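Shown here: entry-v7.txt, compact mmCIF, C-alpha atoms and all ligand atoms.
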```txt
# COMPACT_ATOMS: atom_id res chain seq x y z
CA MET A 19 -6.80 -4.85 -21.71
CA ASP A 20 -9.05 -1.88 -22.38
CA TRP A 21 -7.79 1.71 -22.55
CA GLY A 22 -9.31 2.76 -19.23
CA MET A 23 -7.64 -0.05 -17.32
CA ARG A 24 -4.32 0.61 -19.07
CA ASN A 25 -4.57 4.33 -18.37
CA ARG A 26 -5.32 3.82 -14.68
CA LEU A 27 -2.47 1.36 -14.27
CA ALA A 28 -0.13 3.74 -16.10
CA GLN A 29 -1.01 6.50 -13.63
CA LEU A 30 -0.05 4.19 -10.78
CA ILE A 31 2.92 2.31 -12.20
CA GLN A 32 5.37 4.78 -13.68
CA ARG A 33 7.23 4.49 -17.01
CA ASP A 34 10.21 2.90 -15.26
CA GLY A 35 7.89 0.09 -14.12
CA ARG A 36 8.11 1.23 -10.50
CA ALA A 37 5.61 2.65 -8.05
CA MET A 38 5.57 4.49 -4.74
CA PHE A 39 2.18 4.45 -3.05
CA LEU A 40 1.54 6.17 0.27
CA PRO A 41 -1.18 4.52 2.40
CA ILE A 42 -3.03 6.66 4.92
CA ASP A 43 -5.96 4.29 5.34
CA HIS A 44 -4.97 2.98 8.78
CA GLY A 45 -7.80 4.77 10.58
CA TYR A 46 -10.41 2.51 8.97
CA PHE A 47 -9.79 0.01 11.76
CA GLN A 48 -7.22 1.70 14.03
CA GLY A 49 -8.96 5.04 14.54
CA PRO A 50 -6.79 8.17 14.84
CA THR A 51 -3.43 6.44 14.41
CA THR A 52 -0.37 8.28 15.77
CA ARG A 53 0.68 11.06 13.36
CA LEU A 54 -2.42 10.41 11.26
CA GLU A 55 -4.79 12.26 13.57
CA GLU A 56 -5.17 14.93 10.89
CA PRO A 57 -4.52 13.03 7.65
CA GLY A 58 -4.70 16.11 5.41
CA LYS A 59 -1.85 17.77 7.32
CA THR A 60 0.20 14.56 7.41
CA VAL A 61 -0.04 13.93 3.71
CA ALA A 62 0.29 17.47 2.28
CA PRO A 63 4.12 17.79 2.43
CA LEU A 64 4.55 14.20 1.16
CA LEU A 65 2.34 14.42 -1.93
CA PRO A 66 5.05 15.73 -4.28
CA TYR A 67 7.15 12.62 -3.63
CA VAL A 68 4.61 9.82 -4.09
CA ASP A 69 2.89 8.31 -7.13
CA ALA A 70 -0.49 7.65 -5.48
CA ILE A 71 -2.19 7.74 -2.10
CA MET A 72 -4.32 4.99 -0.59
CA LEU A 73 -7.18 5.97 1.70
CA THR A 74 -10.87 5.60 2.48
CA ARG A 75 -13.67 7.67 1.00
CA GLY A 76 -14.31 9.48 4.29
CA ILE A 77 -10.76 10.80 4.58
CA LEU A 78 -10.62 11.55 0.86
CA ARG A 79 -13.76 13.69 1.01
CA SER A 80 -12.97 15.49 4.24
CA CYS A 81 -9.18 15.92 4.16
CA ILE A 82 -7.86 15.89 0.59
CA ASP A 83 -8.01 18.89 -1.71
CA PRO A 84 -9.50 17.68 -5.02
CA ALA A 85 -7.49 20.30 -6.88
CA ASN A 86 -4.17 19.17 -5.47
CA THR A 87 -3.73 15.46 -5.20
CA LYS A 88 -2.21 12.36 -6.72
CA PRO A 89 -4.02 9.31 -8.11
CA ILE A 90 -6.30 7.73 -5.56
CA ILE A 91 -6.28 4.09 -4.49
CA LEU A 92 -9.55 3.83 -2.64
CA ARG A 93 -9.80 1.33 0.22
CA VAL A 94 -13.20 -0.29 -0.13
CA SER A 95 -13.06 -2.95 2.59
CA GLY A 96 -13.56 -2.62 6.33
CA GLY A 97 -16.22 -2.97 8.98
CA THR A 98 -13.88 -4.15 11.78
CA SER A 99 -11.91 -2.39 14.52
CA MET A 100 -8.94 -2.79 16.84
CA ALA A 101 -11.48 -3.00 19.67
CA ARG A 102 -12.13 -6.57 18.47
CA ARG A 103 -8.65 -7.67 17.46
CA ASP A 104 -9.64 -11.31 17.07
CA GLU A 105 -12.20 -10.40 14.45
CA LEU A 106 -10.12 -8.25 12.12
CA ASP A 107 -10.58 -10.83 9.36
CA GLN A 108 -14.33 -10.21 9.24
CA GLU A 109 -14.05 -7.42 6.71
CA GLY A 110 -16.74 -6.79 4.16
CA ILE A 111 -16.93 -4.45 1.19
CA THR A 112 -17.81 -0.99 2.51
CA THR A 113 -17.77 1.18 -0.60
CA SER A 114 -19.51 0.59 -3.91
CA VAL A 115 -17.83 0.65 -7.30
CA LYS A 116 -20.22 3.46 -8.28
CA GLU A 117 -18.82 5.49 -5.40
CA ALA A 118 -15.25 4.69 -6.48
CA ILE A 119 -16.08 5.99 -9.97
CA ARG A 120 -17.75 9.11 -8.53
CA LEU A 121 -14.59 9.77 -6.49
CA ASN A 122 -12.44 9.31 -9.60
CA ALA A 123 -10.46 6.48 -8.02
CA CYS A 124 -7.59 5.16 -10.07
CA ALA A 125 -7.80 1.79 -8.30
CA VAL A 126 -9.58 0.20 -5.39
CA SER A 127 -8.03 -1.91 -2.67
CA MET A 128 -9.28 -4.43 -0.15
CA SER A 129 -7.85 -6.93 2.30
CA ILE A 130 -7.83 -10.69 2.12
CA PHE A 131 -7.02 -12.76 5.20
CA VAL A 132 -5.59 -16.06 3.98
CA GLY A 133 -5.43 -18.65 6.76
CA ALA A 134 -7.82 -16.77 9.04
CA PRO A 135 -11.26 -18.06 10.06
CA ASN A 136 -12.93 -15.71 7.56
CA GLU A 137 -10.54 -16.48 4.70
CA HIS A 138 -13.38 -17.76 2.50
CA ARG A 139 -15.47 -14.65 2.93
CA THR A 140 -12.61 -12.28 2.16
CA LEU A 141 -11.55 -14.26 -0.91
CA LEU A 142 -15.09 -14.13 -2.26
CA ASN A 143 -15.15 -10.40 -1.50
CA LEU A 144 -12.08 -10.07 -3.70
CA SER A 145 -13.55 -12.18 -6.50
CA ASN A 146 -16.81 -10.24 -6.52
CA LEU A 147 -15.03 -6.91 -6.43
CA VAL A 148 -12.83 -7.93 -9.37
CA ASN A 149 -15.92 -9.04 -11.33
CA GLU A 150 -17.47 -5.63 -10.90
CA CYS A 151 -14.35 -3.48 -11.26
CA GLU A 152 -13.19 -5.18 -14.45
CA GLU A 153 -16.45 -4.10 -16.08
CA TYR A 154 -15.43 -0.48 -15.55
CA GLY A 155 -11.69 -0.80 -16.13
CA ILE A 156 -10.76 -0.23 -12.49
CA PRO A 157 -7.76 -2.18 -11.17
CA VAL A 158 -8.11 -3.96 -7.84
CA MET A 159 -5.15 -4.00 -5.48
CA ALA A 160 -5.41 -6.90 -3.02
CA VAL A 161 -3.87 -6.39 0.40
CA THR A 162 -2.59 -9.61 1.93
CA ALA A 163 -3.50 -8.77 5.51
CA VAL A 164 -2.43 -10.64 8.63
CA GLY A 165 -4.42 -8.70 11.24
CA ALA A 166 -2.60 -8.76 14.55
CA GLU A 167 -0.61 -11.90 13.58
CA LEU A 168 2.50 -10.15 12.25
CA GLU A 169 4.60 -13.31 12.79
CA LYS A 170 2.77 -14.91 9.85
CA ARG A 171 4.91 -12.89 7.41
CA ASP A 172 7.21 -15.60 6.06
CA ALA A 173 7.83 -16.48 2.42
CA ARG A 174 5.67 -19.60 2.41
CA TYR A 175 2.64 -17.76 3.76
CA LEU A 176 3.16 -14.63 1.66
CA ALA A 177 3.63 -16.67 -1.52
CA LEU A 178 0.37 -18.49 -0.84
CA ALA A 179 -1.58 -15.30 -0.17
CA CYS A 180 -0.11 -13.35 -3.11
CA ARG A 181 -0.70 -16.15 -5.60
CA ILE A 182 -4.29 -16.57 -4.50
CA ALA A 183 -4.87 -12.82 -4.83
CA ALA A 184 -3.51 -12.91 -8.39
CA GLU A 185 -5.48 -16.02 -9.29
CA LEU A 186 -8.69 -14.30 -8.19
CA GLY A 187 -7.94 -11.35 -10.45
CA ALA A 188 -6.10 -8.67 -8.49
CA ARG A 189 -4.13 -6.44 -10.88
CA VAL A 190 -1.63 -5.48 -8.15
CA VAL A 191 -0.85 -7.19 -4.84
CA LYS A 192 0.31 -5.47 -1.69
CA THR A 193 2.18 -7.75 0.66
CA TYR A 194 4.92 -7.69 3.24
CA TYR A 195 8.66 -8.01 2.71
CA CYS A 196 10.47 -11.00 4.18
CA GLU A 197 14.23 -11.36 4.29
CA GLU A 198 14.30 -15.08 3.48
CA GLY A 199 12.78 -16.22 0.19
CA PHE A 200 11.08 -13.02 -0.96
CA GLU A 201 12.12 -13.86 -4.54
CA LYS A 202 9.86 -16.94 -4.30
CA VAL A 203 6.93 -14.74 -3.31
CA VAL A 204 7.49 -12.62 -6.43
CA ARG A 205 8.14 -15.57 -8.76
CA GLY A 206 4.86 -17.21 -7.79
CA CYS A 207 2.79 -14.08 -8.32
CA PRO A 208 2.13 -13.14 -11.95
CA VAL A 209 1.03 -9.57 -11.20
CA PRO A 210 3.09 -6.66 -9.77
CA ILE A 211 3.85 -6.70 -6.06
CA VAL A 212 4.33 -3.71 -3.75
CA ILE A 213 5.46 -4.02 -0.15
CA ALA A 214 4.09 -2.45 3.02
CA GLY A 215 6.38 -1.41 5.82
CA GLY A 216 4.45 -2.57 8.88
CA PRO A 217 4.89 -0.94 12.31
CA LYS A 218 7.54 1.76 12.55
CA VAL A 219 11.08 0.57 13.21
CA ASP A 220 13.93 2.62 14.72
CA SER A 221 16.47 2.37 11.93
CA GLU A 222 16.12 4.26 8.65
CA LEU A 223 18.73 1.99 7.09
CA GLU A 224 16.60 -1.04 7.90
CA VAL A 225 13.65 0.40 5.98
CA PHE A 226 15.85 1.40 3.04
CA SER A 227 17.35 -2.10 3.00
CA TRP A 228 13.91 -3.81 2.88
CA VAL A 229 12.82 -1.59 0.02
CA TYR A 230 16.04 -2.06 -1.92
CA ASP A 231 16.14 -5.82 -1.43
CA ALA A 232 12.46 -6.21 -2.35
CA LEU A 233 13.09 -4.33 -5.61
CA GLN A 234 16.17 -6.45 -6.39
CA LYS A 235 13.97 -9.50 -5.92
CA GLY A 236 11.27 -8.28 -8.27
CA ALA A 237 8.81 -6.09 -6.35
CA ILE A 238 7.84 -2.95 -8.30
CA GLY A 239 7.70 -0.63 -5.31
CA VAL A 240 6.00 0.13 -2.05
CA ASN A 241 2.72 0.90 -0.38
CA LEU A 242 4.46 2.06 2.75
CA GLY A 243 2.98 4.30 5.40
CA ARG A 244 4.02 4.31 9.04
CA ASN A 245 7.76 4.18 8.42
CA ILE A 246 7.33 7.41 6.47
CA TRP A 247 4.69 9.50 8.22
CA GLN A 248 5.37 8.34 11.79
CA HIS A 249 9.01 9.36 11.38
CA ASP A 250 10.17 12.70 12.79
CA TYR A 251 11.47 13.52 9.27
CA PRO A 252 8.73 12.19 7.00
CA VAL A 253 9.71 14.22 3.94
CA ALA A 254 13.31 13.03 4.21
CA MET A 255 12.09 9.42 4.50
CA ALA A 256 9.77 9.80 1.50
CA ARG A 257 12.48 11.35 -0.67
CA ALA A 258 15.05 8.73 0.28
CA ILE A 259 12.65 5.86 -0.43
CA ARG A 260 11.67 7.52 -3.70
CA ALA A 261 15.35 7.63 -4.67
CA ILE A 262 15.63 3.86 -4.14
CA ILE A 263 12.49 3.19 -6.18
CA HIS A 264 12.89 5.62 -9.06
CA GLU A 265 16.61 6.42 -9.11
CA ASP A 266 18.09 3.05 -8.18
CA ALA A 267 19.75 4.46 -5.06
CA THR A 268 21.36 1.89 -2.76
CA PRO A 269 20.40 1.81 0.94
CA LYS A 270 23.66 3.63 1.75
CA GLU A 271 22.97 6.33 -0.84
CA ALA A 272 19.40 6.65 0.44
CA LEU A 273 20.71 7.12 3.98
CA GLU A 274 23.12 9.81 2.80
CA LEU A 275 20.27 11.58 1.03
CA PHE A 276 18.09 11.25 4.14
CA GLU A 277 20.82 12.80 6.34
CA GLU A 278 21.41 15.57 3.82
CA ILE A 279 17.72 16.50 3.65
CA LYS A 280 17.38 16.25 7.43
CA SER A 281 20.29 18.59 8.06
CA SER A 282 19.09 21.03 5.39
CA GLY A 283 15.99 21.69 7.51
CA THR A 284 13.56 20.55 4.80
CA GLY A 285 13.00 16.99 6.02
CA LYS A 286 9.81 17.55 7.98
C1 LIG A 301 -3.57 -1.25 6.48
C2 LIG A 301 -2.93 -1.25 5.16
C3 LIG A 301 -1.81 -0.34 4.97
O1 LIG A 301 -2.13 0.41 3.86
C4 LIG A 301 -0.53 -1.10 4.79
O2 LIG A 301 -0.32 -1.95 5.89
C5 LIG A 301 0.69 -0.25 4.54
O3 LIG A 301 1.02 0.54 5.59
P1 LIG A 301 2.27 0.33 6.57
O4 LIG A 301 3.52 0.54 5.75
O5 LIG A 301 2.06 1.38 7.60
O6 LIG A 301 2.20 -1.07 7.10
O7 LIG A 301 -3.32 -1.93 4.26
O8 LIG A 301 -4.36 -2.36 6.55
```
As structure tokens, please, write out the structure in this file.
Ligand code: 5RP
Amino acid sequence: MDWGMRNRLAQLIQRDGRAMFLPIDHGYFQGPTTRLEEPGKTVAPLLPYVDAIMLTRGILRSCIDPANTKPIILRVSGGTSMARRDELDQEGITTSVKEAIRLNACAVSMSIFVGAPNEHRTLLNLSNLVNECEEYGIPVMAVTAVGAELEKRDARYLALACRIAAELGARVVKTYYCEEGFEKVVRGCPVPIVIAGGPKVDSELEVFSWVYDALQKGAIGVNLGRNIWQHDYPVAMARAIRAIIHEDATPKEALELFEEIKSSGTGK
């Protein structure tokens, strides 16, 4: 592996082998998602606690201060919208590798839709993107997307999607956590896995438990958005999740930390 690739991966995956990525790319198909209406304001208090942020070029340029940021994972796929929910798998590549280099991206990311009508197209998108990015030492993070079909997220499906992403050359795979059989998803995927959180849930402990269990089963961290920045105490959520990832906190310890930060008045 060349120096540039190693350097970019080292900026994303910390010395402890773990990673906490914060995605704020949801608007690329959802529009002004709740609590992400002004992405710059949402992300500013969270930046100190994350290892990288994932977003599109438009939000990067217009909302993120180039002098005060973390490594960038640039989403380079899109072209679909929630207005046509049945066609979310029709993504193409929206952003060139030249643009990613100009924006000093540390990695690029794109979605694949295994099992969807446009599976083939998205898998070739991934292969072509890897071909180009490897030439410049830029890691590709594949996102195993399910569109509106959240019920697809079981171990058999996730293992299939993650393995295919790795086979096609992704350097990191973002997938979902599943309670049953997540270790099989990790075992079958020879590159690091990070988990997303999905739609916001009501219980902090539930989120901390997913993250903790995923790490015990071999994930290296998270690419988790809504359960942080849609929470009323986003900073407290980010710091508690960071403690699980980088300080081996248990879900119970993370909850205690969350409550402590919340009651100190610094959790927002
Ligand atoms: C959207 C994405 C998101 O980055 C990913 O789903 C993580 O965010 P969340 O934790 O909110 O699900 O890829 O397509």
What are the closest atom pairs, with distances in Å to one decimal, for each residue of chain A lying within 8 Å of ligand LIG 301 (chain A), using all atoms listed in the file, rows by chain and rising residue number, as a Markdown table?
```
| residue | atom | partner | partner_atom | distance |
| --- | --- | --- | --- | --- |
| A:Leu40 | CA | A:LIG301 | O1 | 7.7 |
| A:Pro41 | CA | A:LIG301 | O1 | 4.5 |
| A:Ile42 | CA | A:LIG301 | O1 | 6.4 |
| A:Asp43 | CA | A:LIG301 | O1 | 5.6 |
| A:His44 | CA | A:LIG301 | C1 | 5.0 |
| A:Phe47 | CA | A:LIG301 | O8 | 7.9 |
| A:Met72 | CA | A:LIG301 | O1 | 6.8 |
| A:Leu73 | CA | A:LIG301 | O1 | 7.8 |
| A:Met128 | CA | A:LIG301 | O7 | 7.8 |
| A:Ser129 | CA | A:LIG301 | O7 | 7.0 |
| A:Val161 | CA | A:LIG301 | O7 | 5.9 |
| A:Ala163 | CA | A:LIG301 | O8 | 6.6 |
| A:Gly165 | CA | A:LIG301 | O8 | 7.9 |
| A:Lys192 | CA | A:LIG301 | O7 | 7.8 |
| A:Ile213 | CA | A:LIG301 | C5 | 7.7 |
| A:Ala214 | CA | A:LIG301 | O4 | 4.1 |
| A:Gly215 | CA | A:LIG301 | O4 | 3.5 |
| A:Gly216 | CA | A:LIG301 | O6 | 3.2 |
| A:Pro217 | CA | A:LIG301 | O6 | 5.9 |
| A:Lys218 | CA | A:LIG301 | O5 | 7.4 |
| A:Asn241 | CA | A:LIG301 | C5 | 5.4 |
| A:Leu242 | CA | A:LIG301 | O4 | 3.5 |
| A:Gly243 | CA | A:LIG301 | O5 | 3.8 |
| A:Arg244 | CA | A:LIG301 | O5 | 3.8 |
| A:Asn245 | CA | A:LIG301 | O4 | 6.2 |
| A:Ile246 | CA | A:LIG301 | O4 | 7.9 |
```
As JSON, what would the box around region 220-235 of chain A look like: edges along x, y and z, 4 Å added on every side, centre and edge lengths in Å to one decimal?
```
{"center_x": 15.6, "center_y": -2.6, "center_z": 4.2, "size_x": 14.3, "size_y": 21.8, "size_z": 29.1}
```
Coordinates-based distance that separates CA of Ala173 (chain A) from CA of Pro157 (chain A) (Å, one decimal):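 Those two atoms sit 25.1 Å apart.
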So how far away is CA of Val164 (chain A) from CA of Lys116 (chain A), in Å?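 So the two atoms, CA of Lys116 (chain A) and CA of Val164 (chain A), lie 28.3 Å apart.
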Å distance separating CA of Glu271 (chain A) from CA of Glu224 (chain A), one decimal place: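 Pair CA of Glu271 (chain A) / CA of Glu224 (chain A) returns 13.1 Å.
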What lies within 9 Å of Val115 (chain A) using only C-alpha atoms, ignoring chain neighbours under 5 positions off, as a list in words?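 The contact residues come out as Val94, Arg120, Val126, Leu147, Glu150, Cys151, Tyr154 and Ile156 of chain A.
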Generate the output file for the selected residues, C-alpha atoms, as a short mmCIF file (atom, residue, chain, number, x, y, z; two decimals), in the coordinates of the input.
```cif
data_model
loop_
_atom_site.label_atom_id
_atom_site.label_comp_id
_atom_site.auth_asym_id
_atom_site.auth_seq_id
_atom_site.Cartn_x
_atom_site.Cartn_y
_atom_site.Cartn_z
CA VAL A 94 -13.20 -0.29 -0.13
CA ARG A 120 -17.75 9.11 -8.53
CA VAL A 126 -9.58 0.20 -5.39
CA LEU A 147 -15.03 -6.91 -6.43
CA GLU A 150 -17.47 -5.63 -10.90
CA CYS A 151 -14.35 -3.48 -11.26
CA TYR A 154 -15.43 -0.48 -15.55
CA ILE A 156 -10.76 -0.23 -12.49
#
```
Show which residues sit within 8 Å of Tyr67 (chain A), as an NGL selection string. Count all atoms listed in the file, and ignore same-chain residues fewer than 4 positions away. :A and (256-257 or 260)
Show me the residues around (-16.5, -9.8, 4.0) - criterion: an atom at most 12 Å away, all atoms listed in the file counted - as an mmCIF file with C-alpha atoms, keeping the file's coordinate frame.
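So result.cif came out as:
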```cif
data_model
loop_
_atom_site.group_PDB
_atom_site.id
_atom_site.type_symbol
_atom_site.label_atom_id
_atom_site.label_comp_id
_atom_site.auth_asym_id
_atom_site.auth_seq_id
_atom_site.Cartn_x
_atom_site.Cartn_y
_atom_site.Cartn_z
ATOM 1 C CA VAL A 94 -13.200 -0.290 -0.130
ATOM 2 C CA SER A 95 -13.060 -2.950 2.590
ATOM 3 C CA GLY A 96 -13.560 -2.620 6.330
ATOM 4 C CA GLY A 97 -16.220 -2.970 8.980
ATOM 5 C CA THR A 98 -13.880 -4.150 11.780
ATOM 6 C CA GLU A 105 -12.200 -10.400 14.450
ATOM 7 C CA LEU A 106 -10.120 -8.250 12.120
ATOM 8 C CA ASP A 107 -10.580 -10.830 9.360
ATOM 9 C CA GLN A 108 -14.330 -10.210 9.240
ATOM 10 C CA GLU A 109 -14.050 -7.420 6.710
ATOM 11 C CA GLY A 110 -16.740 -6.790 4.160
ATOM 12 C CA ILE A 111 -16.930 -4.450 1.190
ATOM 13 C CA THR A 112 -17.810 -0.990 2.510
ATOM 14 C CA THR A 113 -17.770 1.180 -0.600
ATOM 15 C CA MET A 128 -9.280 -4.430 -0.150
ATOM 16 C CA SER A 129 -7.850 -6.930 2.300
ATOM 17 C CA ILE A 130 -7.830 -10.690 2.120
ATOM 18 C CA PHE A 131 -7.020 -12.760 5.200
ATOM 19 C CA PRO A 135 -11.260 -18.060 10.060
ATOM 20 C CA ASN A 136 -12.930 -15.710 7.560
ATOM 21 C CA GLU A 137 -10.540 -16.480 4.700
ATOM 22 C CA HIS A 138 -13.380 -17.760 2.500
ATOM 23 C CA ARG A 139 -15.470 -14.650 2.930
ATOM 24 C CA THR A 140 -12.610 -12.280 2.160
ATOM 25 C CA LEU A 141 -11.550 -14.260 -0.910
ATOM 26 C CA LEU A 142 -15.090 -14.130 -2.260
ATOM 27 C CA ASN A 143 -15.150 -10.400 -1.500
ATOM 28 C CA LEU A 144 -12.080 -10.070 -3.700
ATOM 29 C CA SER A 145 -13.550 -12.180 -6.500
ATOM 30 C CA ASN A 146 -16.810 -10.240 -6.520
ATOM 31 C CA LEU A 147 -15.030 -6.910 -6.430
#
```
Kindly indicate which residue among A:Ala85, A:Ile279, A:Ala125, A:Val190 lies nearest to Pro252 (chain A), using only C-alpha atoms for the distances. A:Ile279
Tell me which of A:Met19, A:Ala232, A:Ala160, A:Leu64 sits closest to Ala254 (chain A), counting all atoms listed in the file. A:Leu64
Best match for closeness to Lys280 (chain A) among A:Arg24, A:His264, A:Lys59, A:His249, counting all atoms listed in the file: A:His249
Which residue, A:Ile182, A:Ala28, A:Ala37, A:Leu168, has the smallest gap to Val229 (chain A) when you use all atoms listed in the file?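 Closest candidate: A:Ala37.
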For the point (15.7, 1.3, 1.5) in file coordinates, what residues are within 9 Å, counting all atoms listed in the file? Give the answer as a ChimeraX atom specification? /A:222-231,258-259,261-263,267-270,272-273
Which residue out of A:Ala70, A:Ile211, A:Ala184, A:Ile77 has the minimum interatomic distance to Tyr46 (chain A) when only C-alpha atoms are used?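 Looking at the shortest contact to Tyr46 (chain A), the residue is A:Ile77.
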Excluding Ile71 (chain A) and residues on its chain fewer than 4 positions from it, collect all residues at most 7 Å away from it, counting all atoms listed in the file, and give them as a JSON list (two decimals) with C-alpha atoms, in the coordinates of the input.
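So result.json came out as:
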```json
[["chain", "number", "residue", "atom", "x", "y", "z"],
["A", 39, "PHE", "CA", 2.18, 4.45, -3.05],
["A", 40, "LEU", "CA", 1.54, 6.17, 0.27],
["A", 41, "PRO", "CA", -1.18, 4.52, 2.40],
["A", 88, "LYS", "CA", -2.21, 12.36, -6.72],
["A", 89, "PRO", "CA", -4.02, 9.31, -8.11],
["A", 90, "ILE", "CA", -6.30, 7.73, -5.56],
["A", 91, "ILE", "CA", -6.28, 4.09, -4.49]]
```
Hey, which of A:Leu30, A:Asn149, A:Lys202, A:Pro210 ends up closest to Gly187 (chain A)? Count all atoms listed in the file.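 Using all atoms listed in the file, Gly187 (chain A) sits closest to A:Asn149.
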